[in-house]
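Undergrad: Pasting a structure here, questions to come.
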Amino acid sequence: MNSSSKAYNSVLIIQTAFIGDAVLATTLLESLYKDNPFLRIDILVRKGNESLFDGHPYLNKILIWDKKKGKYKNLFSLLFQIRLQKYDAVINLQRFGSTGFLTAFSGSKMKVGFDKNPFGFLFNKKIPHNITEGFHEVDRNFELIAWLTDKKIRRPRLYPTIRNNARIARYINKPYICIAPNSVWYTKQYPEHKWIELIHSLPDSFMIYLLGAPADKTSCERIRQQLQNRGIVVLAGELSFLDSAALMESAVMNYVNDSAPMHIASAMNAPVTAVYCSTIPAFGFGPLSERSFIIQTNENLACRPCGLHGKLACPEGHFKCAETISTDQLRTF
């Protein structure tokens, strides 16, 4: 146990961004608990992401911020809850003012966050947030707790429960492949017709499960309808996050975009093939599974990457970063 951690009994981790960010935050839960099993660890996430942590063995409490209804009213309610808990340390993984506000006025004796946060001047420790090649997001996040732990970075991890495994039991009685074809951002999303090409090239002996959120169901159905002679089941909107994690763990391969399902696969150490369209792995959000493959265009496109995050449309109108990826590149097993 790190000598610094002995002085701390309770820690709050703040990560209210998207699903993938919440999954990557689990690396801190792993490191903090393994260093000090007696530490009380709570986490604050946005409403909708809390089910990622159902039954998590290292968590004491999950705080939830509803950003859609009464966002700022709920923010002040959260601050009241946080102050009542009297945390020894608050660790903020975000660079936005709202979570910086919660951190700065948490009443904690140790407030830690990135130096780019607008409230960073009120933190006890401000850590540089650098996006450099070879430095993963889990490395950036770990810098926030390196002073507190045994200085060992651990893989993100999710913990599907017995109920989650029971729900997916009927799907794992023959070899299967999972595909999560969608993304919140258009330019991060490998096109539907390219996914259809890939599925058409896969051996008929594999079942194909299409994963995603309820909003992805229509797209997945379109893919299935184009391949009616294949064994394809649309599970988008049918499975919880942890159900999907349990299913991905035993897949022959998981095909994903640069999006949340990639991080869920990493958290299960599941085999994964990640397709990068407009973004690049050098941003630090690559797959972490022991068996992982990164697929991207072989063309030298001056317009790529077009930003740190995805866009709603290709700025150039041609989407070559996706269209120039061949099906042969995705044959990774």
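Ordering of the structure tokens sets the chain letters (A, B, ...), residue numbers begin anew at 1 in every chain, and ligands are numbered from 1 in the order given.
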Skipping near chain neighbours, those fewer than 3 positions away, what residues fall within 12 Å of stretch 105-122 of chain A using only C-alpha atoms, listed as a ChimeraX atom specification?

TA: /A:4-5,7-15,75-102,125-130,140-148

Undergrad: What's around A:Leu158 at 7 Å? Count only C-alpha atoms, leave out sequence neighbours fewer than 2 positions away in its own chain, and write the answer as a PyMOL selection string.

TA: chain A and resi 160+267-268

Undergrad: Write a file of the just-selected residues containing N, CA and C atoms, as a PDB file, in the first residue's frame.

TA:
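The result, written out as result_5.pdb:
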```
ATOM      1  N   PRO A 160     -19.834  -7.933 -15.196  1.00  0.00           N
ATOM      2  CA  PRO A 160     -21.181  -8.469 -15.402  1.00  0.00           C
ATOM      3  C   PRO A 160     -21.566  -9.402 -14.252  1.00  0.00           C
ATOM      4  N   ALA A 267     -12.571  -3.549 -21.582  1.00  0.00           N
ATOM      5  CA  ALA A 267     -12.845  -3.782 -20.162  1.00  0.00           C
ATOM      6  C   ALA A 267     -13.147  -5.246 -19.869  1.00  0.00           C
ATOM      7  N   MET A 268     -13.419  -6.028 -20.916  1.00  0.00           N
ATOM      8  CA  MET A 268     -13.635  -7.467 -20.754  1.00  0.00           C
ATOM      9  C   MET A 268     -12.444  -8.264 -21.284  1.00  0.00           C
TER      10      MET A 268
END
```

Undergrad: Determine, using only C-alpha atoms, which residues of stretch 163-219 of chain A have any atom at most 12 Å from an atom of stretch 18-41 of chain A, and tabulate each with its shortest atom pair and distance in Å to one decimal place, rows ordered by chain and then rising number, as JSON lines.

TA:
```
{"residue": "A:Ser183", "atom": "CA", "partner": "A:Gly20", "partner_atom": "CA", "distance": 11.2}
{"residue": "A:Val184", "atom": "CA", "partner": "A:Phe18", "partner_atom": "CA", "distance": 10.0}
{"residue": "A:Gly212", "atom": "CA", "partner": "A:Ile19", "partner_atom": "CA", "distance": 12.0}
{"residue": "A:Ala213", "atom": "CA", "partner": "A:Ile19", "partner_atom": "CA", "distance": 11.2}
```

Undergrad: Print the selection's residues with C-alpha atoms to a file, as an mmCIF file, in the first residue's frame.

TA:
```cif
data_model
loop_
_atom_site.group_PDB
_atom_site.id
_atom_site.type_symbol
_atom_site.label_atom_id
_atom_site.label_comp_id
_atom_site.auth_asym_id
_atom_site.auth_seq_id
_atom_site.Cartn_x
_atom_site.Cartn_y
_atom_site.Cartn_z
ATOM 1 C CA SER A 183 -21.478 5.628 -33.324
ATOM 2 C CA VAL A 184 -22.865 8.875 -31.944
ATOM 3 C CA GLY A 212 -25.979 -1.008 -29.955
ATOM 4 C CA ALA A 213 -28.348 1.365 -28.228
#
```

Undergrad: What residues in stretch 119-200 of chain A get the DSSP label strand (DSSP E)? Please answer as JSON, numbers by chain.

TA: {"A": [125, 126, 127, 176, 177, 178, 179, 180]}

Undergrad: I'd like to know which residues of stretch 124-281 of chain A are helix (DSSP H, G or I) (by DSSP, run on the backbone); could you write them as number ranges by chain?

TA: A: 137-142, 162-171, 186-188, 192-201, 214-225, 241-249, 260-267, 281

Undergrad: Pick out the closest residue to A:Ser289 from this set: A:Ile64, A:Met248, A:Ile131, A:Cys178. Count only C-alpha atoms.

TA: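 Among A:Ile64, A:Met248, A:Ile131, A:Cys178, it is A:Met248 that comes nearest to A:Ser289.
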
Undergrad: Calculated over only C-alpha atoms, which of the candidates A:Ile162, A:Ala270, A:Ala17, A:Ile295 has the smallest distance to A:Glu249?

TA: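 Checking each candidate against A:Glu249, we get A:Ala270 as the closest.
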
Undergrad: Find the residues near A:Gly284: any atom within 6 Å, counting only C-alpha atoms, skip ones fewer than 3 places away on the same chain, and give them as a ChimeraX atom specification.

TA: /A:135-137,281

Undergrad: Take the residues from that selection and write them out as a PDB file, in the first residue's frame, keeping N, CA and C atoms.

TA:
```pdb
ATOM      1  N   PHE A 135       0.458   7.902 -25.535  1.00  0.00           N
ATOM      2  CA  PHE A 135      -0.075   8.168 -24.198  1.00  0.00           C
ATOM      3  C   PHE A 135      -1.579   7.974 -24.250  1.00  0.00           C
ATOM      4  N   HIS A 136      -2.045   6.895 -23.653  1.00  0.00           N
ATOM      5  CA  HIS A 136      -3.467   6.538 -23.708  1.00  0.00           C
ATOM      6  C   HIS A 136      -4.262   7.354 -22.695  1.00  0.00           C
ATOM      7  N   GLU A 137      -5.579   7.408 -22.904  1.00  0.00           N
ATOM      8  CA  GLU A 137      -6.443   8.111 -21.952  1.00  0.00           C
ATOM      9  C   GLU A 137      -6.326   7.527 -20.545  1.00  0.00           C
ATOM     10  N   PRO A 281      -5.813   6.537 -33.698  1.00  0.00           N
ATOM     11  CA  PRO A 281      -5.453   5.947 -32.405  1.00  0.00           C
ATOM     12  C   PRO A 281      -4.493   6.807 -31.593  1.00  0.00           C
TER      13      PRO A 281
END
```

Undergrad: Sorted by chain and rising residue number, which residues of stretch 186-273 of chain A lie within 6 Å of stretch 305-325 of chain A, and what are their closest atom pairs and distances in Å to one decimal, counting only C-alpha atoms, as CSV?

TA:
```
residue,atom,partner,partner_atom,distance
A:Tyr186,CA,A:Leu312,CA,5.0
A:Thr187,CA,A:Gly310,CA,5.3
A:Lys188,CA,A:Gly310,CA,5.4
A:Tyr190,CA,A:Ala322,CA,5.9
```

Undergrad: When you look at stretch 240-243 of chain A with a cut-off of 9 Å (counting only C-alpha atoms), what residues show up, excluding the ones that are within fewer than 6 positions of it in the same chain? I need them as a list in words.

TA: Asn49, Ser51, Leu52, Phe53, Asp54, Leu158, Tyr159, Pro160, Thr161, Arg163, Asn164, Asn165, Ala166, Arg167, Ile168, Ala213 and Ile264 of chain A

Undergrad: Atom CA of A:Leu63 to atom CA of A:Leu44: how many Å, to one decimal?

TA: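 Distance between the two atoms: 4.5 Å.
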
Undergrad: Which one of A:Leu227, A:Leu59, A:Ala169, A:Leu211 sits closest to A:His193 if you count only C-alpha atoms?

TA: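 Checking each of A:Leu227, A:Leu59, A:Ala169, A:Leu211 against A:His193, counting only C-alpha atoms, the winner is A:Leu227.
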
Undergrad: I'd like the interatomic distance between atom CA of A:Asn254 and atom CA of A:Arg230, to a tenth of an Å.

TA: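 Pair atom CA of A:Asn254 / atom CA of A:Arg230 returns 17.4 Å.
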
Undergrad: If you count only C-alpha atoms, which residues fall within 8 Å of A:Ile232, apart from same-chain ones fewer than 4 positions away, as number ranges by chain?

TA: A: 207-210, 224, 227-228

Undergrad: Take the residues from that selection and write them out as a PDB file, in the first residue's frame, keeping N, CA and C atoms.

TA:
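Wrote it out as again-v5.pdb, contents follow:
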```pdb
ATOM      1  N   MET A 207     -22.625 -17.201 -36.017  1.00  0.00           N
ATOM      2  CA  MET A 207     -23.759 -16.323 -35.783  1.00  0.00           C
ATOM      3  C   MET A 207     -23.243 -14.885 -35.711  1.00  0.00           C
ATOM      4  N   ILE A 208     -24.040 -13.946 -36.156  1.00  0.00           N
ATOM      5  CA  ILE A 208     -23.671 -12.530 -36.114  1.00  0.00           C
ATOM      6  C   ILE A 208     -24.659 -11.801 -35.207  1.00  0.00           C
ATOM      7  N   TYR A 209     -24.150 -11.138 -34.181  1.00  0.00           N
ATOM      8  CA  TYR A 209     -24.993 -10.350 -33.286  1.00  0.00           C
ATOM      9  C   TYR A 209     -24.674  -8.871 -33.487  1.00  0.00           C
ATOM     10  N   LEU A 210     -25.695  -8.091 -33.807  1.00  0.00           N
ATOM     11  CA  LEU A 210     -25.542  -6.658 -34.010  1.00  0.00           C
ATOM     12  C   LEU A 210     -25.928  -5.940 -32.723  1.00  0.00           C
ATOM     13  N   ARG A 224     -29.429  -6.211 -41.408  1.00  0.00           N
ATOM     14  CA  ARG A 224     -29.944  -7.587 -41.377  1.00  0.00           C
ATOM     15  C   ARG A 224     -30.796  -7.897 -42.613  1.00  0.00           C
ATOM     16  N   LEU A 227     -29.087  -9.036 -45.656  1.00  0.00           N
ATOM     17  CA  LEU A 227     -28.369 -10.307 -45.525  1.00  0.00           C
ATOM     18  C   LEU A 227     -29.294 -11.359 -44.921  1.00  0.00           C
ATOM     19  N   GLN A 228     -30.451 -11.532 -45.524  1.00  0.00           N
ATOM     20  CA  GLN A 228     -31.481 -12.385 -44.928  1.00  0.00           C
ATOM     21  C   GLN A 228     -31.130 -13.862 -44.914  1.00  0.00           C
TER      22      GLN A 228
END
```

Undergrad: Would you mind telling me which residue in A:Thr218, A:Leu247, A:Asn298, A:Pro156 lies nearest to A:Arg170 when using only C-alpha atoms?

TA: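 Answer, going by the shortest atom-to-atom distance: A:Leu247.
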
Undergrad: Excluding stretch 66-70 of chain A and its own-chain neighbours fewer than 2 positions away, which residues fall within 8 Å of it when counting only C-alpha atoms? Please give them as a list of chain:residue names.

TA: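 Near stretch 66-70 of chain A, the qualifying residues are A:Arg46, A:Lys47, A:Ile64, A:Tyr72, A:Lys73, A:Asn74.
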
Undergrad: Return the single residue from A:Ala180, A:Asn60, A:Ser201, A:Trp195 that is closest to A:Asp216, with distances computed using only C-alpha atoms.

TA: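 Looking only at the distances to A:Asp216, the closest residue turns out to be A:Ala180.
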
Undergrad: My list of candidates is A:Asn182, A:Pro214, A:Ser266, A:Gly48. Which is closest to A:Ala246 when distances are computed with only C-alpha atoms?

TA: A:Ser266
